[in-house]
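Colleague: Next comes final-v9.tsv, TSV, C-alpha atoms (C1' of nucleotides):
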chain	number	residue	atom	x	y	z
A	18	MET	CA	0.00	0.00	0.00
A	19	THR	CA	1.44	3.32	-1.08
A	20	THR	CA	1.17	6.11	1.47
A	21	MET	CA	1.35	9.79	0.69
A	22	MET	CA	4.51	9.93	2.77
A	23	ASP	CA	6.10	7.29	0.50
A	24	VAL	CA	5.27	9.47	-2.48
A	25	TYR	CA	6.79	12.49	-0.79
A	26	ASP	CA	10.01	10.63	-0.03
A	27	ARG	CA	10.34	9.52	-3.66
A	28	LEU	CA	9.74	13.01	-5.01
A	29	TYR	CA	12.10	14.61	-2.51
A	30	SER	CA	14.83	12.06	-3.24
A	31	HIS	CA	14.44	12.66	-6.97
A	32	TYR	CA	14.01	16.43	-7.14
A	33	GLY	CA	15.47	17.66	-3.86
A	34	PRO	CA	14.34	20.74	-1.91
A	35	GLN	CA	12.35	23.19	-4.05
A	36	GLN	CA	12.78	26.44	-2.10
A	37	TRP	CA	9.23	27.68	-2.66
A	38	TRP	CA	7.55	30.17	-3.13
A	39	PRO	CA	9.70	31.73	-5.90
A	40	GLY	CA	9.18	35.27	-4.57
A	41	GLU	CA	10.80	37.64	-2.11
A	42	THR	CA	8.06	39.32	-0.11
A	43	ALA	CA	4.62	38.27	1.10
A	44	LEU	CA	3.00	40.77	-1.25
A	45	GLU	CA	4.97	39.42	-4.21
A	46	ILE	CA	3.81	35.91	-3.34
A	47	MET	CA	0.16	37.00	-3.16
A	48	VAL	CA	0.42	38.83	-6.48
A	49	GLY	CA	2.14	35.82	-8.03
A	50	ALA	CA	-0.60	33.52	-6.75
A	51	ILE	CA	-3.18	35.44	-8.77
A	52	LEU	CA	-1.01	35.95	-11.85
A	53	VAL	CA	-0.14	32.25	-12.15
A	54	GLN	CA	-3.76	31.10	-12.41
A	55	ASN	CA	-3.91	28.65	-15.34
A	56	THR	CA	-0.68	30.18	-16.69
A	57	ALA	CA	2.96	29.13	-17.07
A	58	TRP	CA	5.17	30.65	-14.35
A	59	LYS	CA	7.59	31.91	-17.00
A	60	ASN	CA	4.93	34.35	-18.19
A	61	VAL	CA	4.37	35.55	-14.64
A	62	GLU	CA	8.06	36.32	-14.05
A	63	LYS	CA	8.13	39.07	-16.64
A	64	ALA	CA	4.92	40.57	-15.26
A	65	ILE	CA	6.38	40.70	-11.75
A	66	THR	CA	9.60	42.22	-13.08
A	67	ASN	CA	7.51	44.92	-14.77
A	68	LEU	CA	5.60	45.58	-11.55
A	69	LYS	CA	8.87	46.02	-9.67
A	70	GLU	CA	10.27	48.38	-12.31
A	71	GLN	CA	7.10	50.47	-12.09
A	72	GLY	CA	7.33	50.53	-8.30
A	73	LEU	CA	3.96	48.80	-8.14
A	74	LEU	CA	4.87	45.95	-5.80
A	75	ASP	CA	3.53	47.92	-2.87
A	76	PRO	CA	-0.01	48.01	-1.42
A	77	GLN	CA	-0.52	51.78	-1.64
A	78	ALA	CA	1.01	51.98	-5.13
A	79	LEU	CA	-1.17	49.16	-6.41
A	80	HIS	CA	-4.21	50.76	-4.83
A	81	ALA	CA	-3.47	54.10	-6.49
A	82	CYS	CA	-2.61	52.60	-9.89
A	83	HIS	CA	-5.25	52.85	-12.59
A	84	LEU	CA	-6.76	49.57	-13.75
A	85	GLU	CA	-5.71	50.03	-17.39
A	86	GLU	CA	-2.10	50.82	-16.46
A	87	LEU	CA	-1.95	47.80	-14.15
A	88	ALA	CA	-3.38	45.58	-16.88
A	89	GLU	CA	-0.73	46.67	-19.40
A	90	THR	CA	2.04	46.10	-16.85
A	91	ILE	CA	1.00	42.49	-16.28
A	92	ARG	CA	0.11	41.76	-19.91
A	93	SER	CA	2.58	38.90	-20.30
A	94	ALA	CA	0.81	36.88	-17.59
A	95	GLY	CA	-2.23	36.39	-19.83
A	96	TYR	CA	-5.90	37.09	-18.92
A	97	TYR	CA	-4.39	40.45	-18.06
A	98	ARG	CA	-7.58	42.53	-17.92
A	99	LEU	CA	-9.20	39.89	-15.72
A	100	LYS	CA	-6.17	39.53	-13.47
A	101	ALA	CA	-5.77	43.30	-13.09
A	102	LYS	CA	-9.28	43.39	-11.62
A	103	ARG	CA	-8.51	40.43	-9.38
A	104	LEU	CA	-5.35	42.10	-8.06
A	105	LYS	CA	-7.36	45.24	-7.39
A	106	ASN	CA	-9.97	43.23	-5.50
A	107	LEU	CA	-7.30	41.72	-3.24
A	108	ILE	CA	-5.57	45.05	-2.64
A	109	THR	CA	-8.84	46.81	-1.86
A	110	PHE	CA	-9.52	44.12	0.75
A	111	LEU	CA	-6.03	44.56	2.20
A	112	ILE	CA	-6.33	48.36	2.38
A	113	GLU	CA	-9.88	48.55	3.68
A	114	GLU	CA	-9.75	45.74	6.23
A	115	PHE	CA	-6.15	45.96	7.41
A	116	ASP	CA	-4.96	49.43	6.40
A	117	GLY	CA	-2.58	47.84	3.87
A	118	ASP	CA	-0.71	46.03	6.66
A	119	LEU	CA	0.12	42.42	5.75
A	120	ASP	CA	1.17	41.47	9.27
A	121	GLN	CA	-2.21	42.61	10.53
A	122	MET	CA	-3.95	40.60	7.81
A	123	PHE	CA	-1.95	37.47	8.63
A	124	ALA	CA	-2.70	37.87	12.33
A	125	THR	CA	-6.31	36.99	11.49
A	126	ASP	CA	-7.48	33.52	12.47
A	127	THR	CA	-6.64	31.22	9.54
A	128	THR	CA	-10.15	29.82	9.05
A	129	THR	CA	-11.65	33.30	9.09
A	130	LEU	CA	-9.04	34.73	6.73
A	131	ARG	CA	-9.56	31.84	4.33
A	132	GLU	CA	-13.28	32.59	4.17
A	133	GLN	CA	-12.55	36.27	3.62
A	134	LEU	CA	-10.12	35.49	0.80
A	135	LEU	CA	-12.62	33.15	-0.86
A	136	ALA	CA	-15.22	35.91	-0.74
A	137	ILE	CA	-12.99	38.07	-2.98
A	138	ASN	CA	-13.92	37.80	-6.66
A	139	GLY	CA	-11.02	36.09	-8.43
A	140	ILE	CA	-9.72	34.11	-5.46
A	141	GLY	CA	-10.70	30.45	-5.36
A	142	PRO	CA	-9.52	27.54	-3.18
A	143	GLU	CA	-6.03	27.11	-4.66
A	144	THR	CA	-5.19	30.81	-4.72
A	145	ALA	CA	-6.46	31.29	-1.17
A	146	ASP	CA	-4.52	28.31	0.13
A	147	SER	CA	-1.35	29.35	-1.72
A	148	ILE	CA	-1.55	32.76	-0.07
A	149	LEU	CA	-2.14	31.19	3.35
A	150	LEU	CA	0.71	28.68	3.08
A	151	TYR	CA	3.37	30.58	1.18
A	152	ALA	CA	2.70	34.24	2.05
A	153	ALA	CA	1.15	33.94	5.51
A	154	ASN	CA	3.09	30.82	6.52
A	155	LYS	CA	-0.02	29.02	7.74
A	156	ARG	CA	-0.44	25.25	7.88
A	157	VAL	CA	-2.64	24.77	4.79
A	158	PHE	CA	-2.16	22.09	2.12
A	159	VAL	CA	-2.39	23.44	-1.44
A	160	VAL	CA	-4.04	21.38	-4.20
A	161	ASP	CA	-3.56	22.12	-7.88
A	162	THR	CA	-4.25	20.43	-11.23
A	163	TYR	CA	-1.09	18.34	-11.07
A	164	THR	CA	-1.91	17.13	-7.58
A	165	ALA	CA	-5.29	15.90	-8.75
A	166	ARG	CA	-3.79	14.21	-11.81
A	167	VAL	CA	-1.09	12.38	-9.89
A	168	LEU	CA	-3.54	11.00	-7.33
A	169	LYS	CA	-6.26	10.09	-9.83
A	170	ARG	CA	-3.99	8.49	-12.41
A	171	HIS	CA	-2.45	6.29	-9.75
A	172	GLY	CA	-5.86	5.38	-8.39
A	173	TRP	CA	-5.09	6.78	-4.94
A	174	ILE	CA	-8.39	8.67	-4.91
A	175	TRP	CA	-11.60	8.30	-6.91
A	176	ALA	CA	-11.69	10.20	-10.20
A	177	GLU	CA	-14.57	12.45	-9.11
A	178	ALA	CA	-12.86	13.73	-5.95
A	179	ASP	CA	-13.12	17.52	-5.55
A	180	TYR	CA	-10.61	20.01	-4.13
A	181	TYR	CA	-11.47	19.42	-0.50
A	182	GLN	CA	-11.50	15.64	-0.75
A	183	ILE	CA	-8.02	15.71	-2.28
A	184	GLN	CA	-6.84	18.14	0.38
A	185	ASP	CA	-8.25	15.93	3.14
A	186	HIS	CA	-6.51	12.92	1.65
A	187	PHE	CA	-3.15	14.54	2.37
A	188	VAL	CA	-4.05	16.21	5.65
A	189	SER	CA	-5.45	13.02	7.17
A	190	GLU	CA	-2.40	10.93	6.20
A	191	LEU	CA	0.51	13.29	6.76
A	192	PRO	CA	2.18	14.81	9.80
A	193	GLN	CA	0.60	18.26	10.01
A	194	GLU	CA	3.69	20.38	9.53
A	195	ILE	CA	4.03	23.60	7.57
A	196	GLU	CA	7.43	22.72	6.12
A	197	LEU	CA	6.12	19.40	4.81
A	198	TYR	CA	3.07	21.04	3.22
A	199	ASN	CA	5.29	23.69	1.68
A	200	GLU	CA	7.74	21.25	0.15
A	201	TYR	CA	5.15	18.67	-0.90
A	202	HIS	CA	3.08	20.99	-3.06
A	203	ALA	CA	6.23	22.34	-4.73
A	204	LEU	CA	7.40	18.79	-5.45
A	205	LEU	CA	4.02	17.87	-6.96
A	206	VAL	CA	4.28	20.86	-9.30
A	207	SER	CA	7.78	19.74	-10.22
A	208	VAL	CA	6.71	16.21	-11.13
A	209	GLY	CA	3.77	17.78	-12.93
A	210	HIS	CA	6.02	19.97	-15.07
A	211	HIS	CA	8.23	17.04	-15.99
A	212	HIS	CA	5.80	14.16	-16.38
A	213	CYS	CA	2.19	14.51	-15.27
A	214	ARG	CA	0.94	16.85	-17.99
A	215	LYS	CA	-2.16	16.39	-20.13
A	216	THR	CA	0.01	14.24	-22.40
A	217	PRO	CA	2.05	12.46	-19.72
A	218	LYS	CA	5.60	11.18	-20.06
A	219	CYS	CA	5.57	8.45	-17.45
A	220	GLU	CA	8.67	6.54	-18.54
A	221	GLU	CA	11.25	8.38	-16.44
A	222	CYS	CA	8.89	9.56	-13.73
A	223	PRO	CA	10.02	8.74	-10.17
A	224	LEU	CA	6.48	7.42	-9.57
A	225	ALA	CA	6.27	5.35	-12.78
A	226	ASP	CA	6.46	1.93	-11.10
A	227	LEU	CA	3.52	2.86	-8.89
A	228	LEU	CA	1.11	3.08	-11.84
A	229	PRO	CA	-1.56	0.38	-11.57
A	230	GLY	CA	-0.59	-2.31	-14.08
A	231	GLY	CA	1.96	0.11	-15.51
A	232	GLN	CA	-0.98	1.85	-17.16
A	233	ILE	CA	-2.31	5.37	-16.85
A	234	VAL	CA	-5.80	5.62	-15.47
A	235	ASP	CA	-7.18	8.12	-17.95
A	236	PHE	CA	-9.79	10.33	-16.36
A	237	GLU	CA	-9.73	13.40	-18.61
B	11	DC	C1'	-0.17	24.68	-37.24
B	12	DA	C1'	-2.30	22.79	-32.54
B	13	DC	C1'	-1.90	22.32	-27.77
B	14	DC	C1'	-1.12	23.67	-23.12
B	15	DA	C1'	-0.03	26.32	-18.70
B	16	DG	C1'	0.85	26.20	-10.62
B	17	DG	C1'	-7.90	28.79	-11.96
B	18	DC	C1'	-11.96	31.08	-11.41
B	19	DA	C1'	-16.49	32.94	-12.25
B	20	DA	C1'	-20.56	33.47	-14.89
B	21	DG	C1'	-23.95	31.62	-17.84
B	22	DT	C1'	-27.17	27.87	-19.09
B	23	DA	C1'	-30.58	24.18	-18.37
C	16	DT	C1'	-26.76	20.80	-9.03
C	17	DA	C1'	-23.94	19.86	-13.16
C	18	DC	C1'	-22.02	21.20	-17.36
C	19	DT	C1'	-20.10	24.78	-20.57
C	20	DT	C1'	-17.67	28.91	-21.85
C	21	DG	C1'	-14.64	33.15	-21.55
C	22	DC	C1'	-10.45	34.91	-20.24
C	23	DA	C1'	-4.97	35.64	-23.28
C	24	DT	C1'	0.03	35.56	-23.52
C	25	DG	C1'	3.98	32.81	-24.72
C	26	DG	C1'	6.51	28.34	-25.03
C	27	DT	C1'	6.81	23.59	-27.29
The structure in this file should be written as structure tokens.
Modeller:
Amino acid sequence: MTTMMDVYDRLYSHYGPQQWWPGETALEIMVGAILVQNTAWKNVEKAITNLKEQGLLDPQALHACHLEELAETIRSAGYYRLKAKRLKNLITFLIEEFDGDLDQMFATDTTTLREQLLAINGIGPETADSILLYAANKRVFVVDTYTARVLKRHGWIWAEADYYQIQDHFVSELPQEIELYNEYHALLVSVGHHHCRKTPKCEECPLADLLPGGQIVDFE
DNA sequence: CACCAGGCAAGTA
DNA sequence: TACTTGCATGGT
């Protein structure tokens, strides 16, 4: 029987420590979490560089920036008009509820803050949890597309499992430690980038021998 | 050329 | 509730 800890050990042995999130400040991590929605990280990097050059990686500056100017600055991240609005929604929340103070925001009870984040238009479960784990340093397990694919293709969860069922699968099996949650999600993205894509390359995957019958359980 | 990327919300029935 | 569609740039 394969446990989720076995999977972690294999991924860690193969890929090593991932040093996530790839961002300097808490604000940069939150901005990145929105910009990376259904988008390659490479496209987000240029957008964040542009924001830094424009001096926009700051709560007050973002709040003061016009929507159209913000949209042009983050153009390379794709869905740029949509994401400009989503960034504005998050910043407005930060300014109005916490006076633009991230430490004050992160001092909020985790369950309450999660509900508040989910109430913001443009922030769903993965974005909220990414912010909580990687920006706020809270003990929250992040689930993304790759995570679902890895578990479903290996038959470790039923194909119809939703976000919260997948999240519970990890939380109920693993030691509940922030560092483990942090590293595990990053490792799942890494194996996703290399192998567990829509057209998977399972041959050299560190989890290849765990496939049921050596076959991919196709659920898409 | 087609396909995909570290989602989410709104519309339809 | 359960599908479907729009959003968009940039790499393979």
Colleague: Work out how far apart atom CA of A:Ala78 and atom CA of A:Lys100 are and give it in Å to one decimal.
Modeller: 16.6 Å
Colleague: Would you tabulate, counting only C-alpha atoms (C1' of nucleotides), all residues of chain C that have an atom at most 7 Å from an atom of chain A, showing the closest pair of atoms and their distance in Å to one decimal, sorted by chain then ascending number, as a tab-separated table?
Modeller:
residue	atom	partner	partner_atom	distance
C:DC22	C1'	A:Tyr96	CA	5.2
C:DA23	C1'	A:Gly95	CA	4.5
C:DT24	C1'	A:Gly95	CA	4.4
C:DG25	C1'	A:Asn60	CA	6.8
Colleague: Pull out every residue of chain A that has at least one atom within 7 Å of chain B, counting all atoms listed in the file, and report them as a list in words.
Modeller: Val53, Gln54, Asn55, Thr56, Ala57, Gly139, Gly141, Asp161 and Val206 of chain A
Colleague: Could you state the separation of atom CA of A:Leu87 and atom CA of A:Leu149 in Å, given to one decimal place?
Modeller: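 Going from atom CA of A:Leu87 over to atom CA of A:Leu149 covers 24.1 Å.
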Colleague: Which distance in Å separates atom CA of A:Pro39 and atom CA of A:Ile91, to one decimal?
Modeller: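 About the pair atom CA of A:Pro39 and atom CA of A:Ile91: they are 17.3 Å apart.
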Colleague: So which residues touch stretch 166-172 of chain A within 12 Å, counting all atoms listed in the file, skipping near sequence neighbours fewer than 6 positions away, as a PyMOL selection string?
Modeller: chain A and resi 18-21+24+28+160+178-180+182-184+186-187+202+204-210+212-217+219+222-237
